[in-house]
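Trainee: Below is run-v3.txt; it holds compact mmCIF, C-alpha atoms and all ligand atoms.
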# COMPACT_ATOMS: atom_id res chain seq x y z
CA MET R 27 20.70 33.37 -9.30
CA ASN R 28 21.47 30.32 -11.39
CA THR R 29 22.19 31.08 -15.02
CA ASN R 30 22.54 27.50 -16.21
CA PRO R 31 19.32 25.49 -15.88
CA ILE R 32 20.75 22.28 -17.39
CA ILE R 33 21.04 19.12 -15.32
CA VAL R 34 22.67 16.29 -17.25
CA ALA R 35 21.38 12.80 -16.41
CA LEU R 36 24.27 10.37 -15.95
CA ASP R 37 22.33 7.32 -17.09
CA PHE R 38 25.28 4.98 -17.51
CA GLU R 39 25.83 1.36 -16.60
CA ASN R 40 29.24 1.94 -15.09
CA VAL R 41 31.16 4.63 -13.29
CA GLU R 42 33.92 4.88 -15.89
CA GLU R 43 31.51 6.10 -18.58
CA ALA R 44 29.96 8.57 -16.15
CA ARG R 45 33.38 9.92 -15.14
CA ALA R 46 34.43 10.22 -18.77
CA LEU R 47 31.37 12.31 -19.63
CA VAL R 48 31.81 14.59 -16.62
CA ALA R 49 35.44 15.13 -17.65
CA ARG R 50 34.46 15.86 -21.26
CA LEU R 51 31.83 18.37 -20.21
CA GLY R 52 34.22 20.13 -17.85
CA SER R 53 32.95 23.54 -16.81
CA GLU R 54 30.07 23.45 -19.33
CA VAL R 55 27.94 21.59 -16.78
CA ASP R 56 27.96 21.76 -13.03
CA PHE R 57 24.77 19.87 -12.17
CA TYR R 58 24.34 16.12 -12.65
CA LYS R 59 21.52 13.71 -12.02
CA VAL R 60 22.40 10.30 -10.63
CA GLY R 61 19.50 7.90 -11.07
CA MET R 62 18.83 4.31 -10.14
CA GLU R 63 21.04 2.68 -12.75
CA LEU R 64 24.27 4.49 -11.92
CA TYR R 65 23.42 4.44 -8.22
CA ALA R 66 23.07 0.66 -8.36
CA ALA R 67 26.41 0.47 -10.16
CA ALA R 68 28.48 3.02 -8.26
CA GLY R 69 26.48 4.11 -5.21
CA MET R 70 27.31 6.90 -2.80
CA PRO R 71 31.09 6.77 -3.38
CA PHE R 72 30.56 8.21 -6.86
CA VAL R 73 27.99 10.72 -5.59
CA ARG R 74 30.55 11.90 -3.02
CA GLU R 75 33.20 12.07 -5.73
CA LEU R 76 31.02 14.44 -7.76
CA VAL R 77 30.35 16.59 -4.70
CA ARG R 78 34.09 16.71 -3.93
CA GLU R 79 34.73 17.91 -7.48
CA GLY R 80 32.41 20.82 -6.82
CA LYS R 81 29.52 19.45 -8.88
CA GLN R 82 25.93 19.76 -7.76
CA VAL R 83 24.14 16.44 -7.52
CA PHE R 84 20.50 15.62 -8.08
CA LEU R 85 19.99 12.17 -6.55
CA ASP R 86 16.94 10.77 -8.32
CA LEU R 87 16.05 7.74 -6.23
CA LYS R 88 12.34 8.53 -5.75
CA PHE R 89 12.22 7.39 -2.13
CA TYR R 90 9.06 5.57 -1.05
CA ASP R 91 8.78 3.46 2.09
CA ILE R 92 7.43 3.61 5.62
CA GLY R 93 8.05 6.96 7.30
CA GLU R 94 10.84 5.86 9.64
CA THR R 95 12.84 4.30 6.81
CA VAL R 96 12.43 7.35 4.59
CA LYS R 97 13.40 9.69 7.42
CA ARG R 98 16.59 7.78 8.17
CA ALA R 99 17.56 7.40 4.51
CA VAL R 100 17.00 11.10 3.83
CA ALA R 101 19.12 11.97 6.89
CA GLN R 102 21.96 9.98 5.33
CA VAL R 103 21.65 11.80 2.00
CA ALA R 104 21.40 15.15 3.76
CA ARG R 105 24.89 14.63 5.22
CA THR R 106 26.57 14.18 1.85
CA GLY R 107 26.17 17.58 0.24
CA VAL R 108 23.70 16.33 -2.38
CA ARG R 109 21.60 19.29 -3.57
CA PHE R 110 18.32 17.70 -4.83
CA LEU R 111 16.64 14.43 -3.82
CA THR R 112 13.39 13.02 -5.20
CA ILE R 113 10.64 11.68 -2.96
CA HIS R 114 7.35 10.13 -4.01
CA GLY R 115 4.48 12.58 -3.63
CA SER R 116 2.70 10.64 -0.90
CA ASN R 117 1.96 12.67 2.23
CA ALA R 118 3.45 10.44 4.93
CA VAL R 119 6.57 9.88 2.83
CA MET R 120 7.06 13.60 2.18
CA ARG R 121 6.61 14.53 5.83
CA ALA R 122 9.09 11.87 6.91
CA ALA R 123 11.56 13.13 4.33
CA GLN R 124 11.28 16.64 5.67
CA GLU R 125 11.99 15.41 9.19
CA GLY R 126 15.00 13.46 7.97
CA ARG R 127 16.44 16.43 6.13
CA GLY R 128 16.43 18.51 9.31
CA GLY R 129 18.30 21.78 8.81
CA ALA R 130 20.50 20.55 5.95
CA PRO R 131 20.55 22.54 2.68
CA LEU R 132 19.30 19.49 0.75
CA LYS R 133 16.26 20.36 -1.38
CA LEU R 134 13.44 17.82 -1.48
CA LEU R 135 11.57 17.42 -4.76
CA ALA R 136 8.31 15.52 -4.96
CA VAL R 137 7.58 13.36 -7.95
CA THR R 138 4.10 14.26 -9.14
CA VAL R 139 3.01 11.46 -11.48
CA LEU R 140 5.42 9.33 -13.49
CA THR R 141 5.21 10.45 -17.08
CA SER R 142 4.72 6.88 -18.24
CA TYR R 143 1.31 6.82 -16.53
CA ASP R 144 -1.85 7.58 -18.50
CA ARG R 145 -5.51 7.70 -17.51
CA GLU R 146 -5.99 4.01 -18.28
CA TYR R 147 -3.15 3.06 -15.95
CA LEU R 148 -4.46 5.38 -13.22
CA THR R 149 -7.85 3.65 -13.51
CA TYR R 150 -6.08 0.31 -13.18
CA LEU R 151 -4.37 1.61 -10.02
CA GLY R 152 -7.72 2.76 -8.63
CA TYR R 153 -7.39 6.52 -9.09
CA PRO R 154 -10.74 8.01 -10.17
CA CYS R 155 -9.17 10.89 -12.12
CA GLY R 156 -7.00 11.81 -15.04
CA VAL R 157 -3.27 12.52 -15.03
CA SER R 158 -3.49 16.31 -14.90
CA GLU R 159 -5.92 16.24 -11.96
CA LEU R 160 -3.61 13.92 -10.06
CA VAL R 161 -0.58 16.10 -10.92
CA GLY R 162 -2.46 19.13 -9.52
CA LEU R 163 -3.45 17.27 -6.36
CA ARG R 164 0.08 16.01 -5.82
CA ALA R 165 1.52 19.49 -6.39
CA ARG R 166 -0.81 21.00 -3.78
CA ASN R 167 -0.02 18.20 -1.32
CA ALA R 168 3.72 18.58 -1.90
CA MET R 169 3.61 22.27 -1.09
CA ALA R 170 1.49 21.62 2.01
CA ALA R 171 3.98 18.96 3.13
CA GLY R 172 6.86 21.43 2.92
CA MET R 173 8.59 20.13 -0.21
CA ASP R 174 10.96 22.56 -1.91
CA GLY R 175 9.79 21.70 -5.36
CA LEU R 176 8.52 19.17 -7.85
CA VAL R 177 9.53 17.07 -10.78
CA CYS R 178 6.97 17.10 -13.55
CA SER R 179 6.52 16.88 -17.29
CA PRO R 180 7.25 20.17 -19.07
CA LEU R 181 3.71 19.89 -20.38
CA ASP R 182 2.40 20.13 -16.80
CA ALA R 183 4.90 22.78 -15.65
CA ALA R 184 2.68 25.81 -16.28
CA ALA R 185 -0.21 24.30 -14.30
CA VAL R 186 2.14 23.22 -11.51
CA ARG R 187 3.76 26.66 -11.34
CA LYS R 188 0.30 28.24 -10.85
CA ILE R 189 -0.24 25.97 -7.87
CA THR R 190 3.19 26.33 -6.28
CA GLY R 191 3.80 30.04 -6.76
CA PRO R 192 7.16 31.50 -7.72
CA ASP R 193 9.39 30.06 -4.99
CA ALA R 194 9.11 26.33 -5.62
CA ILE R 195 11.79 24.59 -7.67
CA ILE R 196 10.33 22.96 -10.77
CA VAL R 197 12.48 20.41 -12.56
CA THR R 198 11.36 18.92 -15.86
CA PRO R 199 12.77 15.89 -17.65
CA GLY R 200 11.28 14.97 -21.03
CA VAL R 201 13.03 17.87 -22.76
CA ARG R 202 14.38 17.70 -26.29
CA SER R 203 15.96 20.50 -28.27
CA ARG R 204 14.42 21.33 -31.60
CA SER R 205 17.08 19.45 -33.53
CA ALA R 206 17.04 16.22 -31.50
CA SER R 207 15.03 13.06 -32.10
CA LYS R 208 12.29 12.36 -29.58
CA GLY R 209 13.53 8.80 -28.98
CA ASP R 210 11.07 6.89 -26.82
CA GLN R 211 9.71 10.09 -25.25
CA LYS R 212 6.15 11.01 -26.08
CA ARG R 213 5.31 13.99 -23.86
CA VAL R 214 8.26 16.21 -24.65
CA ALA R 215 8.89 19.94 -24.93
CA THR R 216 11.80 22.01 -26.13
CA PRO R 217 14.14 23.68 -23.61
CA ALA R 218 12.60 27.09 -24.37
CA GLU R 219 9.07 25.75 -23.89
CA ALA R 220 9.96 24.09 -20.58
CA ILE R 221 11.59 27.24 -19.20
CA ALA R 222 8.80 29.50 -20.44
CA ALA R 223 6.27 27.17 -18.76
CA GLY R 224 7.96 27.80 -15.43
CA ALA R 225 10.69 25.16 -15.11
CA ASN R 226 13.78 26.28 -13.19
CA TYR R 227 15.82 23.30 -14.32
CA ILE R 228 15.64 20.91 -17.25
CA VAL R 229 17.02 17.38 -17.14
CA ILE R 230 18.69 16.28 -20.34
CA GLY R 231 19.95 12.74 -20.78
CA ARG R 232 20.65 10.92 -23.98
CA GLU R 233 20.54 14.00 -26.15
CA VAL R 234 23.78 15.04 -24.45
CA THR R 235 25.24 11.74 -23.24
CA ARG R 236 25.01 10.14 -26.69
CA ALA R 237 26.03 13.19 -28.70
CA SER R 238 29.25 12.96 -30.69
CA ASP R 239 30.25 16.25 -29.05
CA PRO R 240 28.41 16.46 -25.69
CA ALA R 241 29.79 19.90 -24.77
CA GLU R 242 28.65 21.36 -28.07
CA GLN R 243 25.19 19.84 -27.53
CA VAL R 244 24.98 21.38 -24.06
CA ALA R 245 25.89 24.76 -25.54
CA ARG R 246 23.14 24.34 -28.13
CA VAL R 247 20.54 23.44 -25.48
CA LEU R 248 21.66 26.36 -23.31
CA GLU R 249 21.25 28.71 -26.23
CA GLU R 250 17.70 27.39 -26.73
CA THR R 251 16.80 27.89 -23.07
CA LYS R 252 17.57 31.59 -23.39
CA ALA R 253 14.54 32.00 -25.61
CA GLY R 254 12.36 30.85 -22.72
CA LEU R 255 14.13 32.80 -20.01
CA THR R 256 12.34 36.11 -20.04
CA SER R 257 9.56 35.12 -17.66
CA THR R 258 11.51 32.95 -15.26
CA VAL R 259 13.67 33.55 -12.19
CA PHE R 260 15.87 30.66 -11.10
CA ASN R 261 16.05 29.47 -7.54
O1 LIG M 1 15.12 10.90 -22.19
P1 LIG M 1 16.35 11.38 -21.48
O2 LIG M 1 17.55 10.50 -21.75
O3 LIG M 1 16.67 12.84 -21.71
O4 LIG M 1 16.00 11.22 -19.95
C1 LIG M 1 16.81 11.80 -18.97
C2 LIG M 1 16.31 11.46 -17.59
O5 LIG M 1 15.02 11.98 -17.38
C3 LIG M 1 16.26 9.99 -17.28
O6 LIG M 1 17.17 9.79 -16.22
C4 LIG M 1 14.88 9.68 -16.86
O7 LIG M 1 14.83 9.03 -15.61
C5 LIG M 1 14.21 11.01 -16.75
N1 LIG M 1 12.92 11.01 -17.44
C6 LIG M 1 11.77 11.17 -16.72
N2 LIG M 1 10.57 11.23 -17.36
C7 LIG M 1 10.51 11.13 -18.67
C8 LIG M 1 11.67 10.95 -19.40
C9 LIG M 1 12.88 10.89 -18.75
O8 LIG M 1 11.82 11.30 -15.50
N3 LIG M 1 9.35 11.18 -19.28
As a first step, turn the structure in this file into structure tokens.
Mentor:
Amino acid sequence: MNTNPIIVALDFENVEEARALVARLGSEVDFYKVGMELYAAAGMPFVRELVREGKQVFLDLKFYDIGETVKRAVAQVARTGVRFLTIHGSNAVMRAAQEGRGGAPLKLLAVTVLTSYDREYLTYLGYPCGVSELVGLRARNAMAAGMDGLVCSPLDAAAVRKITGPDAIIVTPGVRSRSASKGDQKRVATPAEAIAAGANYIVIGREVTRASDPAEQVARVLEETKAGLTSTVFN
């Protein structure tokens, strides 16, 4: 059972800054998200470095391509010891990802709907529904396609949890502790709200990475998550 649900997003433009934060956080944090920016800057060598240091890595590259390409790319990631990988919630892509993962312990998380999308944008894309309907559809499809879990807004987590049941891994970005500014985030929730809604993990970026004392900020967020813990069992 995991007692620390915090995943810190290493959204940095170079590997030195990422390394410095990981060193400053020390044993406070053992799970890091590497997204497109840092991946483009430092690639798999830095991901492997984190794994070697005993850190858990969430590789947030939101794979989306033809099945064969996804399958082969996921097979590569599966060999590295990465723990979570994001895949777009499109059926053929998810099934290919599952094939590529084979028997590796890598967990595949489907992206439901990007939180920057609203109904107007979905209409523009040709979807005849609102965001929450599409999130629900994607969550059902992800479970049917054998995904291990989903990434969703904390505001959708309760609805998603109802669809997935207790075993799926739900990861929510868009989390801000009570004391922090919302920044450019609109659909946010506090750590306690996200956990109480059914999230197993919360992704925290700038609130920690830009704090004057990142370790102290992590401790504060962790304290807040405890308020939401009563109804949740971590995967
Ligand atoms: O806003 P913050 O710096 O905490 O974001 C941390 C991470 O969460 C970022 O890497 C971003 O990709 C992800 N995120 C997201 N959806 C949002 C907000 C942030 O996936 N609505």
Trainee: Give the residue list for ligand LIG 1 (chain M) at 8 Å, counting all atoms listed in the file, as a tab-separated table (two decimals) with C-alpha atoms, in the coordinates of the input, sorted by chain and then by residue number.
Mentor:
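Wrote out39.tsv, looks like this:
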chain	number	residue	atom	x	y	z
R	34	VAL	CA	22.67	16.29	-17.25
R	35	ALA	CA	21.38	12.80	-16.41
R	36	LEU	CA	24.27	10.37	-15.95
R	37	ASP	CA	22.33	7.32	-17.09
R	59	LYS	CA	21.52	13.71	-12.02
R	60	VAL	CA	22.40	10.30	-10.63
R	61	GLY	CA	19.50	7.90	-11.07
R	86	ASP	CA	16.94	10.77	-8.32
R	140	LEU	CA	5.42	9.33	-13.49
R	141	THR	CA	5.21	10.45	-17.08
R	142	SER	CA	4.72	6.88	-18.24
R	177	VAL	CA	9.53	17.07	-10.78
R	178	CYS	CA	6.97	17.10	-13.55
R	179	SER	CA	6.52	16.88	-17.29
R	198	THR	CA	11.36	18.92	-15.86
R	199	PRO	CA	12.77	15.89	-17.65
R	200	GLY	CA	11.28	14.97	-21.03
R	201	VAL	CA	13.03	17.87	-22.76
R	202	ARG	CA	14.38	17.70	-26.29
R	209	GLY	CA	13.53	8.80	-28.98
R	210	ASP	CA	11.07	6.89	-26.82
R	211	GLN	CA	9.71	10.09	-25.25
R	212	LYS	CA	6.15	11.01	-26.08
R	213	ARG	CA	5.31	13.99	-23.86
R	214	VAL	CA	8.26	16.21	-24.65
R	229	VAL	CA	17.02	17.38	-17.14
R	230	ILE	CA	18.69	16.28	-20.34
R	231	GLY	CA	19.95	12.74	-20.78
R	232	ARG	CA	20.65	10.92	-23.98
R	233	GLU	CA	20.54	14.00	-26.15
R	234	VAL	CA	23.78	15.04	-24.45
R	235	THR	CA	25.24	11.74	-23.24
Trainee: Suppose you want the space between atom CA of R:Ile33 and atom CA of R:Val83; what is it in Å?
Mentor: 8.8 Å
Trainee: Excluding R:Ala122 and its own-chain neighbours fewer than 3 positions away, which residues fall within 12 Å of it when counting only C-alpha atoms? Please give them as a list in words.
Mentor: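 Contacts, in chain order: Phe89, Tyr90, Asp91, Ile92, Gly93, Glu94, Thr95, Val96, Lys97, Arg98, Ala99, Val100, Ala101, Ile113, His114, Gly115, Ser116, Asn117, Ala118, Val119, Glu125, Gly126, Arg127, Gly128, Leu134, Ala171, Gly172 and Met173 of chain R.
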Trainee: Find, counting all atoms listed in the file, the residue in R:Ala185, R:Ala237, R:Met120, R:Leu76 that gets nearest to R:Ala220.
Mentor: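 Using all atoms listed in the file, the shortest distance to R:Ala220 belongs to R:Ala185.
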Trainee: Out of R:Leu111, R:Ala67, R:Val157, R:Leu163, which residue has the shortest atom-to-atom distance to R:Ile189 when counting all atoms listed in the file?
Mentor: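 Closest to R:Ile189 of all the choices is R:Leu163.
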Trainee: Quote the spacing between atom CA of R:Gly162 and atom CA of R:Val108 in Å to one decimal place.
Mentor: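 Atom-to-atom, atom CA of R:Gly162 and atom CA of R:Val108 are spaced 27.3 Å apart.
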Trainee: Which is closest to R:Leu176 among R:Gly52, R:Pro217, R:Pro131, R:Gly224, if we use only C-alpha atoms?
Mentor: R:Gly224
Trainee: Taking all atoms of stretch 54-73 of chain R that appear in the file, build a box with edges along x, y and z, extend it by 3 Å on every side, and state its centre and edge lengths in Å to one decimal, as lines of an AutoDock Vina configuration file.
Mentor:
center_x = 25.0
center_y = 12.0
center_z = -11.1
size_x = 18.3
size_y = 29.0
size_z = 22.5
Trainee: Between atom CA of R:Tyr58 and atom CA of R:Lys88, what is the distance in Å, rounded to a tenth?
Mentor: 15.8 Å
Trainee: Measuring atom to atom with all atoms listed in the file, identify which of R:Met62, R:Val139, R:Ala168, R:Val55 is nearest to R:Lys81.
Mentor: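 Under the stated criterion, the closest residue is R:Val55.
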Trainee: Would you mind listing, for every residue of stretch 27-146 of chain R within 10 Å of stretch 241-258 of chain R, the two atoms forming the shortest contact and the distance between them in Å to one decimal, using all atoms listed in the file, sorted by chain and ascending residue number, as JSON lines?
Mentor:
{"residue": "R:Thr29", "atom": "CA", "partner": "R:Leu248", "partner_atom": "CA", "distance": 9.6}
{"residue": "R:Asn30", "atom": "CA", "partner": "R:Leu248", "partner_atom": "CA", "distance": 7.2}
{"residue": "R:Pro31", "atom": "CA", "partner": "R:Leu248", "partner_atom": "CA", "distance": 7.8}
{"residue": "R:Ile32", "atom": "CA", "partner": "R:Leu248", "partner_atom": "CA", "distance": 7.2}
{"residue": "R:Ile33", "atom": "CA", "partner": "R:Val244", "partner_atom": "CA", "distance": 9.8}
{"residue": "R:Val34", "atom": "CA", "partner": "R:Val244", "partner_atom": "CA", "distance": 8.8}
{"residue": "R:Leu47", "atom": "CA", "partner": "R:Ala241", "partner_atom": "CA", "distance": 9.3}
{"residue": "R:Val48", "atom": "CA", "partner": "R:Ala241", "partner_atom": "CA", "distance": 9.9}
{"residue": "R:Arg50", "atom": "CA", "partner": "R:Ala241", "partner_atom": "CA", "distance": 7.1}
{"residue": "R:Leu51", "atom": "CA", "partner": "R:Ala241", "partner_atom": "CA", "distance": 5.2}
{"residue": "R:Gly52", "atom": "CA", "partner": "R:Ala241", "partner_atom": "CA", "distance": 8.2}
{"residue": "R:Ser53", "atom": "CA", "partner": "R:Ala241", "partner_atom": "CA", "distance": 9.3}
{"residue": "R:Glu54", "atom": "CA", "partner": "R:Ala241", "partner_atom": "CA", "distance": 6.5}
{"residue": "R:Val55", "atom": "CA", "partner": "R:Val244", "partner_atom": "CA", "distance": 7.9}
Trainee: Using all atoms listed in the file, which of R:Lys133, R:Arg121, R:Arg78, R:Ala46 sits nearest R:Val103?
Mentor: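 Closest to R:Val103 of all the choices is R:Lys133.
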